[in-house]
Amino acid sequence: MRQVGFLVDVSRCLGCRACEVACKNYFGLGETQRYRRVSEVEWQTEDGIGLFYLSLACNHCENPECFRVCPNRTYRKRRDGIVVHDAGLCDGCCTCVKACPYGAPQYDADTGKVDKCDLCVSRLDAGLRPACEEACTNDALKVIFLDRIDETGLLKSVPTLPDIRITRPSIRFNPPVVRKQWLSKK
Amino acid sequence: MPKVFRNLCPRNCFSTCSILSYVENGKLVRVSGDPAHGFTRGNLCAKGYAYVERVYSPERILHPLRQFPRGSGNWCPITWEEALETIARKILELKGRYHSFRPVGFCKQYGNMGLLHYAANALFDGLGSVTVTEGNSCWSAGLDAYLYSMGSMEKPDPEDMVNSKVIVLWGVNPAWTAVHQMHFIDRARTRGAQVVVIDPVFTATAAQADLYLRPKAGSDGALALGMAKYIVENAWHDHEFLAHHVEGYEAFFAYLTSISYDWVEQETALPVEAIKEVTELYALNSPAAIWTGLGLQRHTNGGQNVRTILTLAALTGNLGRPGAGLYNPSMTPWELFSFYTRDHVISRHPVEHRRININLLGAELKKTTDPPVKMLWLAQRDLFQDAHTGSLRGALEDLELIVQVDQFLNRSSRYADIFLPTTTQFEEWDVLPSYWHHWIGINEPAISPLGESKSDLQIAWDLSRKLNELSPGICSFPTAGKEEEWVAGEFNQEVYSRLEIEDYRELLQGPRKLKWPQVAWEEMKFKTPSEKFEISSLTAASEGLPLLPVYSEPASAPAAYPFRLMTPHSQSGNNSQFLNLPWLTWGTGEPCLRINPLTAKRLGLSNGARVRVYNQQGEIVFPVKLSATIREDTLVCFQGWPGSAEHELNDLLNGSPTDMGSKGSGRPSIAIHDTFVNLCPA
Ligand code: SF4
Ligand code: SF4
Ligand code: SF4
């Protein structure tokens with residue numbers, strides 16, 4: 001089965017949020033709609049501070065909860081695995097918003113509807129890269145074909161990503177890296 | 001199909017991006033980066049991508065307004081005619097009352113850096129001697145360190161960083177404040193370069209570094225001295241270079257023998273191994289570059305610290321060669337332009353304005369007499385992003401008229417009487433160079449001015465017309481014109497030949513790179529009195545500063561206020577700009593106060609707990625966010641968040657001057673990062 005998804009290199013992500021806002025700019029999103037969300041993840045390691053940024057949109061899951069729960073059947077999984085949502089059919093009940101473990105569907109108070117990342121299908125179809133990937137200065141985001149890539153060295157999850165067993169998200173990560181740090185004299 | 005126009009981002013930012021603006025039915029629908037721009041390479045930053053929201057924000061002011069009474073928030077629309085008439089009459093009345101224009105105050109900084117926005121400056125030049133603010137809170141101390149050491153602020157083409165073998169990012173967070181530079185840093189890395197970050201905060205850039213050092217804030221000079229000592233002890237210095245191009249190194253070497261590594265450890269709170277590791281990396285891998293950040297110099301010893309860091313390049317001969325060098329913003333490419341707008345009046349009729357310190361505006365307004373300042377023109381400026389904002393309130397209340405020219409009401413608006421709406425870059429002609437890269441683009445109008453907004457240039461013409469109507473000949477600034485002709489006026493033969501074009505309109509096809517040296521100081525003729533790199537600076541000594549880059553003690557926390565409060569830039573705002581936009585702020589959990597987990601534990605605070613942060617000047621309440629990225633004695637809140645009428649973050653900043661700053665920009669800067677506070681649960 002063909003499955004398009006994202007490869008996120010958390011060791012390269014700068015947390016600059018260009019991807020997040022480039023997406024809002026491209027789709028003209030509402031004030032509170034974040035199809036892509038960049039968050040800061042900090043943890044303590046043996047070697048010092050672990051810090052990476054996590055840029056997440058919709059994960060175009062293999063078992064999309066959104067699709068399963070929507071009473072209006074607004075979700076559809078394309079042959080290439082991309083999960084698309086038909087806002088025309090949406091009545092804004094937000095069942096999917098509550099069901100998606102990753103917070104991908106986003107309600108807009110102005111339109112009274114939910115919508116989410118469609119992996120820029122119209123751009124992909126035109127041979128363009130998604131708006132977020134194109135906006136990333138540090139090449140931290142890439143669209144991948146999960147059925148074709150070699151997953152050696154890639155992670156299926158990273159700290160703070162909600163449990164992946166429910167929906168099997170189509171996202172992979174290059175692992176976070178902690179390099180040499182001198183924080184203070186012991 | 002949308003029509004595409006070219007704009008420039010005029011913010012106070014390293015990148016000065018060229019923007020492609022997509023317009024449908026007269027409406028800006030989308031922006032993108034400009035692939036023809038060789039430095040920004042088709043990308044904007046998060047703030048740049050939010051411009052559509054900024055242009056059409058429901059909060060944007062599109063009509064002239066009058067607030068009555070002041071501070072009431074009762075803003076009523078008035079016509080341009082009424083607004084200009086009120087302002088012009090006030091200016092003339094003050095002139096009559098005091099026989100001088102000096103009661104008229106003018107305050108502008110970097111809200112919009114476009115060359116045509118200097119029209120406001122020229123308008124006031126056209127009146128005669130008024131009161132203008134001088135100095136800036138940004139880069140003055142570090143700038144002076146460069147001026148004492150090398151005589152002028154010249155730096156390499158930032159694209160040359162790809163040739164570096166070591167890149168030291170000292171107190172700078174380009175991942176958030178100059179994101180396009182990260183591409184060139186990354187290219188250097190793929191070619192084997194090592195990246196070092198030295199910063200009191202473990203930033204997003206630090207997370208990318210091969211080596212990170214976290215010195216105590218303000219101790220950078222001690223760290224640099226430790227590095228210099230280790231270089232000299234190991235004879236890693238460049239003898240040849242020192243002998244030919246450096247003044248005063250012998251005396252400096254003697255000074256280095258007087259400091260000990262124990263002392264360096266104590267000052268910086270870093271182990272000597274860290275100092276040795278970074279020194280070895282920098283001294284033994286040539287060419288090596290150092291980028292001195294702007295936060296670094298916002299300390300009471302900031303200028304001297306920067307000066308000490310600069311000597312490391314002189315010791316190791318890391319100057320004048322590809323891949324080497326010292327990086328800091330530089331206005332040298334700006335000087336190629338004609339400043340047709342800014343100097344419109346002053347080039348013909350030189351005027352000596354009365355100058356007051358922008359960094360202490362409240363106090364300065366209060367103490368200025370004979371004649372006092374009675375009116376203030378605020379050009380795209382929020383005064384509450386400065387230090388010691390508490391003292392501003394009373395001073396502003398005393399003024400008889402405050403005119404604000406901007407796109408949004410801000411914290412200063414509480415004190416303003418008249419608000420004049422100005423256009424964004426998408427609604428006007430303009431041109432502006434970068435203080436970082438060497439690309440020049442052009443800014444054309446993509447859409448018509450929204451509502452009744454007018455460009456700063458148009459406002460200046462209109463006010464001059466009104467003044468001259470009421471009192472013929474009173475203002476020598478033109479009363480009408482064509483914006484595009486003024487853009488043309490900013491260009492000259494030199495700029496054209498360096499861009500290899502014949503007409504500015506060619507830039508509508510895409511920005512071009514100035515023919516400008518890739519490497520600074522290639523000729524090794526420094527612009528100091530000795531024509532050498534001056535470690536020992538008689539100029540500094542004659543201006544009351546140390547002859548040598550000796551250590552100058554940092555400010556330390558008083559017992560009552562044991563925490564250092566730092567207010568660095570976030571990725572989502574640029575000083576006071578952008579943070580009013582939901583696209584950039586909604587859902588981010590800011591503003592909050594970052595606090596080290598050990599400190600939080602000691603005080604019994606957990607994530608999200610609300611604390612009152614206070615010192616002798618003010619207080620503000622925040623939720624805390626635990627983060628080991630900062631030291632236990634440090635607190636961080638990103639700058640730019642609007643407070644409330646009673647509580648501003650900047651009330652806490654005490655406004656102590658930096659040690660340097662008067663040489664390059666007229667006044668010392670503000671030691672913003674030497675702010676000390678205490679906190680308790682709210
Ligand atoms: S991330 Fe959420 S919205 Fe996207 S496919 Fe998975 S369940 Fe559906
Ligand atoms: S644009 Fe790239 S570097 Fe910036 S936050 Fe997004 S993924 Fe990270
Ligand atoms: S703020 Fe800076 S990086 Fe962002 S769009 Fe403007 S010039 Fe470019």
# chains A, B, ... in the order shown; residues from 1 in each chain; ligands from 1
>>> residues_around(residues="range 284-289 of chain B", least_positions_apart="5", cutoff="10 Å", atoms="only C-alpha atoms", output="VMD selection string")
chain B and resid 156 160 to 161 163 to 169 193 to 195 231 236 to 237 279 313 316 to 319 321 to 327
>>> write_last_selection(atoms="N, CA, C and O atoms", output="compact mmCIF listing (two decimals), in the first residue's frame")
# COMPACT_ATOMS: atom_id res chain seq x y z
N PRO B 156 32.56 40.79 7.21
CA PRO B 156 32.50 40.02 5.96
C PRO B 156 31.07 39.87 5.44
O PRO B 156 30.12 40.09 6.16
N ASP B 160 30.03 34.33 3.29
CA ASP B 160 31.41 33.84 3.38
C ASP B 160 31.59 32.89 4.56
O ASP B 160 32.61 32.21 4.66
N MET B 161 30.60 32.84 5.47
CA MET B 161 30.71 31.92 6.61
C MET B 161 30.85 30.47 6.16
O MET B 161 31.34 29.64 6.92
N ASN B 163 32.93 29.34 4.34
CA ASN B 163 34.36 29.02 4.25
C ASN B 163 35.03 28.85 5.61
O ASN B 163 36.23 28.57 5.67
N SER B 164 34.27 29.03 6.69
CA SER B 164 34.88 28.96 8.02
C SER B 164 35.09 27.51 8.44
O SER B 164 34.30 26.63 8.10
N LYS B 165 36.13 27.31 9.19
CA LYS B 165 36.36 25.98 9.78
C LYS B 165 35.80 25.92 11.21
O LYS B 165 35.46 24.84 11.71
N VAL B 166 35.75 27.07 11.83
CA VAL B 166 35.10 27.17 13.14
C VAL B 166 34.23 28.41 13.12
O VAL B 166 34.65 29.46 12.62
N ILE B 167 33.02 28.29 13.62
CA ILE B 167 32.13 29.44 13.72
C ILE B 167 31.72 29.57 15.19
O ILE B 167 31.12 28.65 15.75
N VAL B 168 32.09 30.69 15.79
CA VAL B 168 31.73 30.91 17.19
C VAL B 168 30.55 31.88 17.23
O VAL B 168 30.67 33.04 16.81
N LEU B 169 29.42 31.38 17.67
CA LEU B 169 28.21 32.21 17.78
C LEU B 169 28.13 32.64 19.22
O LEU B 169 27.74 31.88 20.10
N ALA B 193 33.08 22.23 9.17
CA ALA B 193 33.24 23.26 10.21
C ALA B 193 32.64 22.80 11.54
O ALA B 193 31.68 22.02 11.56
N GLN B 194 33.20 23.31 12.62
CA GLN B 194 32.66 23.08 13.95
C GLN B 194 31.94 24.35 14.38
O GLN B 194 32.47 25.45 14.19
N VAL B 195 30.77 24.18 14.98
CA VAL B 195 30.00 25.34 15.42
C VAL B 195 30.00 25.40 16.94
O VAL B 195 29.68 24.41 17.61
N ILE B 231 45.82 30.89 24.59
CA ILE B 231 46.41 31.02 23.25
C ILE B 231 47.88 31.43 23.38
O ILE B 231 48.76 30.81 22.78
N TRP B 236 49.98 29.82 20.37
CA TRP B 236 49.09 29.61 19.22
C TRP B 236 48.79 30.94 18.52
O TRP B 236 48.02 30.98 17.58
N HIS B 237 49.34 32.01 19.02
CA HIS B 237 49.06 33.30 18.38
C HIS B 237 49.87 33.43 17.09
O HIS B 237 50.87 32.74 16.89
N THR B 279 39.13 27.15 23.27
CA THR B 279 40.30 27.89 22.78
C THR B 279 41.05 27.07 21.74
O THR B 279 41.44 27.57 20.68
N ALA B 313 40.44 37.44 17.60
CA ALA B 313 40.67 37.38 16.15
C ALA B 313 42.02 37.99 15.81
O ALA B 313 42.75 37.50 14.93
N THR B 316 44.94 35.59 16.74
CA THR B 316 45.09 34.41 15.89
C THR B 316 45.15 34.76 14.40
O THR B 316 45.16 33.87 13.57
N GLY B 317 45.15 36.05 14.10
CA GLY B 317 45.22 36.46 12.69
C GLY B 317 43.98 36.09 11.89
O GLY B 317 44.03 35.91 10.68
N ASN B 318 42.86 35.98 12.59
CA ASN B 318 41.63 35.61 11.90
C ASN B 318 40.89 36.84 11.37
O ASN B 318 39.73 37.08 11.70
N LEU B 319 41.57 37.59 10.55
CA LEU B 319 40.98 38.79 9.94
C LEU B 319 41.47 38.90 8.50
O LEU B 319 42.59 38.47 8.19
N ARG B 321 40.70 37.44 5.82
CA ARG B 321 40.81 36.25 4.97
C ARG B 321 39.44 35.60 4.85
O ARG B 321 38.63 35.67 5.78
N PRO B 322 39.19 34.91 3.72
CA PRO B 322 37.92 34.20 3.60
C PRO B 322 37.75 33.22 4.76
O PRO B 322 38.71 32.60 5.21
N GLY B 323 36.54 33.13 5.26
CA GLY B 323 36.24 32.19 6.33
C GLY B 323 36.57 32.70 7.72
O GLY B 323 36.12 32.14 8.71
N ALA B 324 37.36 33.76 7.80
CA ALA B 324 37.73 34.30 9.11
C ALA B 324 36.82 35.48 9.43
O ALA B 324 35.79 35.67 8.80
N GLY B 325 37.23 36.28 10.39
CA GLY B 325 36.55 37.55 10.59
C GLY B 325 35.68 37.65 11.82
O GLY B 325 35.50 36.70 12.58
N LEU B 326 35.14 38.86 11.97
CA LEU B 326 34.30 39.23 13.09
C LEU B 326 32.99 39.76 12.54
O LEU B 326 32.98 40.65 11.69
N TYR B 327 31.91 39.20 13.02
CA TYR B 327 30.59 39.54 12.49
C TYR B 327 29.76 40.33 13.49
O TYR B 327 29.69 39.97 14.67
>>> residues_near_ligand(ligand="ligand 3", cutoff="6 Å", atoms="only C-alpha atoms and all ligand atoms", output="VMD selection string")
chain B and resid 9 11 13 15 to 17 44 to 45 47 to 48
>>> write_last_selection(atoms="C-alpha atoms", output="short mmCIF file (atom, residue, chain, number, x, y, z; two decimals), in the first residue's frame")
data_model
loop_
_atom_site.label_atom_id
_atom_site.label_comp_id
_atom_site.auth_asym_id
_atom_site.auth_seq_id
_atom_site.Cartn_x
_atom_site.Cartn_y
_atom_site.Cartn_z
CA CYS B 9 10.53 43.38 4.87
CA ARG B 11 11.83 45.27 10.10
CA CYS B 13 16.21 42.26 11.31
CA SER B 15 17.59 39.22 6.87
CA THR B 16 15.87 42.18 5.12
CA CYS B 17 13.94 39.65 3.06
CA LEU B 44 10.69 34.21 5.05
CA CYS B 45 10.61 33.70 8.79
CA LYS B 47 6.86 36.71 11.24
CA GLY B 48 7.23 37.35 7.53
#
>>> residues_near_ligand(ligand="ligand 2", cutoff="7 Å", atoms="only C-alpha atoms and all ligand atoms", output="PyMOL selection string")
chain A and resi 12-20+38+53+55+132+135-141
>>> interface_residues(of="chain A", to="chain B", cutoff="9 Å", atoms="only C-alpha atoms", output="MDAnalysis selection string")
chainID A and resid 11:34 37:39 42:44 49:53 134:138 177:186
>>> write_last_selection(atoms="N, CA and C atoms", output="short mmCIF file (atom, residue, chain, number, x, y, z; two decimals), in the first residue's frame")
data_model
loop_
_atom_site.label_atom_id
_atom_site.label_comp_id
_atom_site.auth_asym_id
_atom_site.auth_seq_id
_atom_site.Cartn_x
_atom_site.Cartn_y
_atom_site.Cartn_z
N SER A 11 16.64 16.68 14.94
CA SER A 11 18.00 17.15 15.24
C SER A 11 18.33 18.40 14.43
N ARG A 12 17.53 18.71 13.42
CA ARG A 12 17.77 19.90 12.60
C ARG A 12 16.73 20.99 12.82
N CYS A 13 15.61 20.64 13.41
CA CYS A 13 14.55 21.64 13.55
C CYS A 13 15.01 22.76 14.47
N LEU A 14 14.79 23.99 14.04
CA LEU A 14 15.26 25.16 14.78
C LEU A 14 14.16 25.76 15.66
N GLY A 15 12.98 25.19 15.57
CA GLY A 15 11.88 25.77 16.34
C GLY A 15 11.52 27.17 15.88
N CYS A 16 11.81 27.47 14.62
CA CYS A 16 11.63 28.85 14.15
C CYS A 16 10.17 29.16 13.80
N ARG A 17 9.35 28.13 13.65
CA ARG A 17 7.92 28.25 13.37
C ARG A 17 7.60 28.77 11.97
N ALA A 18 8.60 28.82 11.10
CA ALA A 18 8.32 29.29 9.74
C ALA A 18 7.33 28.34 9.05
N CYS A 19 7.50 27.03 9.27
CA CYS A 19 6.60 26.05 8.65
C CYS A 19 5.16 26.29 9.10
N GLU A 20 5.01 26.50 10.39
CA GLU A 20 3.67 26.66 10.97
C GLU A 20 2.95 27.87 10.37
N VAL A 21 3.66 28.99 10.29
CA VAL A 21 3.00 30.21 9.82
C VAL A 21 2.93 30.22 8.29
N ALA A 22 3.89 29.60 7.62
CA ALA A 22 3.81 29.50 6.15
C ALA A 22 2.56 28.73 5.76
N CYS A 23 2.18 27.75 6.55
CA CYS A 23 0.96 26.97 6.31
C CYS A 23 -0.27 27.86 6.48
N LYS A 24 -0.29 28.66 7.54
CA LYS A 24 -1.43 29.56 7.76
C LYS A 24 -1.53 30.56 6.62
N ASN A 25 -0.38 31.03 6.17
CA ASN A 25 -0.33 31.98 5.06
C ASN A 25 -0.84 31.34 3.77
N TYR A 26 -0.43 30.11 3.53
CA TYR A 26 -0.82 29.45 2.29
C TYR A 26 -2.32 29.19 2.23
N PHE A 27 -2.87 28.71 3.35
CA PHE A 27 -4.29 28.38 3.37
C PHE A 27 -5.18 29.51 3.87
N GLY A 28 -4.56 30.61 4.32
CA GLY A 28 -5.36 31.70 4.87
C GLY A 28 -6.16 31.24 6.08
N LEU A 29 -5.50 30.59 7.01
CA LEU A 29 -6.21 29.98 8.14
C LEU A 29 -6.79 31.01 9.10
N GLY A 30 -7.70 30.52 9.93
CA GLY A 30 -8.31 31.37 10.96
C GLY A 30 -7.32 31.64 12.07
N GLU A 31 -7.71 32.59 12.93
CA GLU A 31 -6.81 33.03 14.00
C GLU A 31 -6.32 31.90 14.89
N THR A 32 -7.21 30.93 15.15
CA THR A 32 -6.84 29.89 16.11
C THR A 32 -6.56 28.55 15.43
N GLN A 33 -6.42 28.56 14.12
CA GLN A 33 -6.16 27.29 13.43
C GLN A 33 -4.68 27.07 13.22
N ARG A 34 -4.18 25.97 13.75
CA ARG A 34 -2.77 25.63 13.57
C ARG A 34 -2.70 24.25 12.93
N ARG A 37 1.93 22.57 14.10
CA ARG A 37 2.22 23.12 15.42
C ARG A 37 3.64 22.78 15.81
N VAL A 38 4.39 23.80 16.20
CA VAL A 38 5.77 23.57 16.62
C VAL A 38 5.82 23.68 18.13
N SER A 39 6.34 22.68 18.79
CA SER A 39 6.45 22.76 20.25
C SER A 39 7.89 22.46 20.68
N GLU A 42 11.87 19.46 26.05
CA GLU A 42 13.10 19.50 26.82
C GLU A 42 13.13 18.31 27.75
N TRP A 43 14.26 17.66 27.84
CA TRP A 43 14.40 16.59 28.83
C TRP A 43 15.82 16.55 29.32
N GLN A 44 16.00 15.84 30.38
CA GLN A 44 17.32 15.82 31.01
C GLN A 44 18.06 14.57 30.55
N ILE A 49 21.56 19.08 28.64
CA ILE A 49 20.20 19.46 28.30
C ILE A 49 19.79 18.80 26.99
N GLY A 50 18.67 18.11 27.02
CA GLY A 50 18.10 17.63 25.77
C GLY A 50 17.06 18.64 25.34
N LEU A 51 17.21 19.17 24.13
CA LEU A 51 16.25 20.17 23.67
C LEU A 51 16.02 19.96 22.18
N PHE A 52 14.78 19.72 21.83
CA PHE A 52 14.48 19.71 20.40
C PHE A 52 13.10 20.32 20.17
N TYR A 53 12.82 20.61 18.94
CA TYR A 53 11.53 21.18 18.58
C TYR A 53 10.80 20.17 17.73
N GLU A 134 8.63 23.64 2.08
CA GLU A 134 9.30 24.67 1.29
C GLU A 134 9.81 25.82 2.18
N ALA A 135 9.09 26.10 3.26
CA ALA A 135 9.46 27.24 4.11
C ALA A 135 10.60 26.92 5.07
N CYS A 136 10.95 25.66 5.19
CA CYS A 136 11.95 25.28 6.19
C CYS A 136 13.36 25.57 5.68
N THR A 137 14.04 26.48 6.36
CA THR A 137 15.38 26.88 5.95
C THR A 137 16.40 25.80 6.25
N ASN A 138 16.10 24.94 7.20
CA ASN A 138 17.13 24.00 7.65
C ASN A 138 16.84 22.56 7.22
N VAL A 177 19.53 14.79 18.94
CA VAL A 177 20.97 14.67 19.20
C VAL A 177 21.34 15.58 20.36
N VAL A 178 22.18 15.10 21.25
CA VAL A 178 22.72 15.96 22.31
C VAL A 178 24.23 15.98 22.11
N ARG A 179 24.76 17.18 21.90
CA ARG A 179 26.21 17.29 21.68
C ARG A 179 26.89 17.86 22.91
N LYS A 180 28.18 18.15 22.74
CA LYS A 180 29.00 18.53 23.90
C LYS A 180 28.54 19.85 24.53
N GLN A 181 28.30 19.81 25.84
CA GLN A 181 27.84 21.02 26.56
C GLN A 181 28.65 21.22 27.82
N TRP A 182 29.02 22.47 28.07
CA TRP A 182 29.62 22.83 29.36
C TRP A 182 28.65 23.79 30.02
N LEU A 183 27.90 23.29 31.00
CA LEU A 183 26.85 24.12 31.58
C LEU A 183 27.35 24.95 32.75
N SER A 184 28.13 24.34 33.60
CA SER A 184 28.72 25.12 34.69
C SER A 184 29.74 24.25 35.40
N LYS A 185 30.53 24.92 36.18
CA LYS A 185 31.55 24.24 36.95
C LYS A 185 30.85 23.38 37.99
N LYS A 186 31.31 22.13 38.10
CA LYS A 186 30.66 21.21 39.05
C LYS A 186 30.91 21.67 40.49
#
>>> residues_near_ligand(ligand="ligand 1", cutoff="7 Å", atoms="only C-alpha atoms and all ligand atoms", output="count of residues only")
18
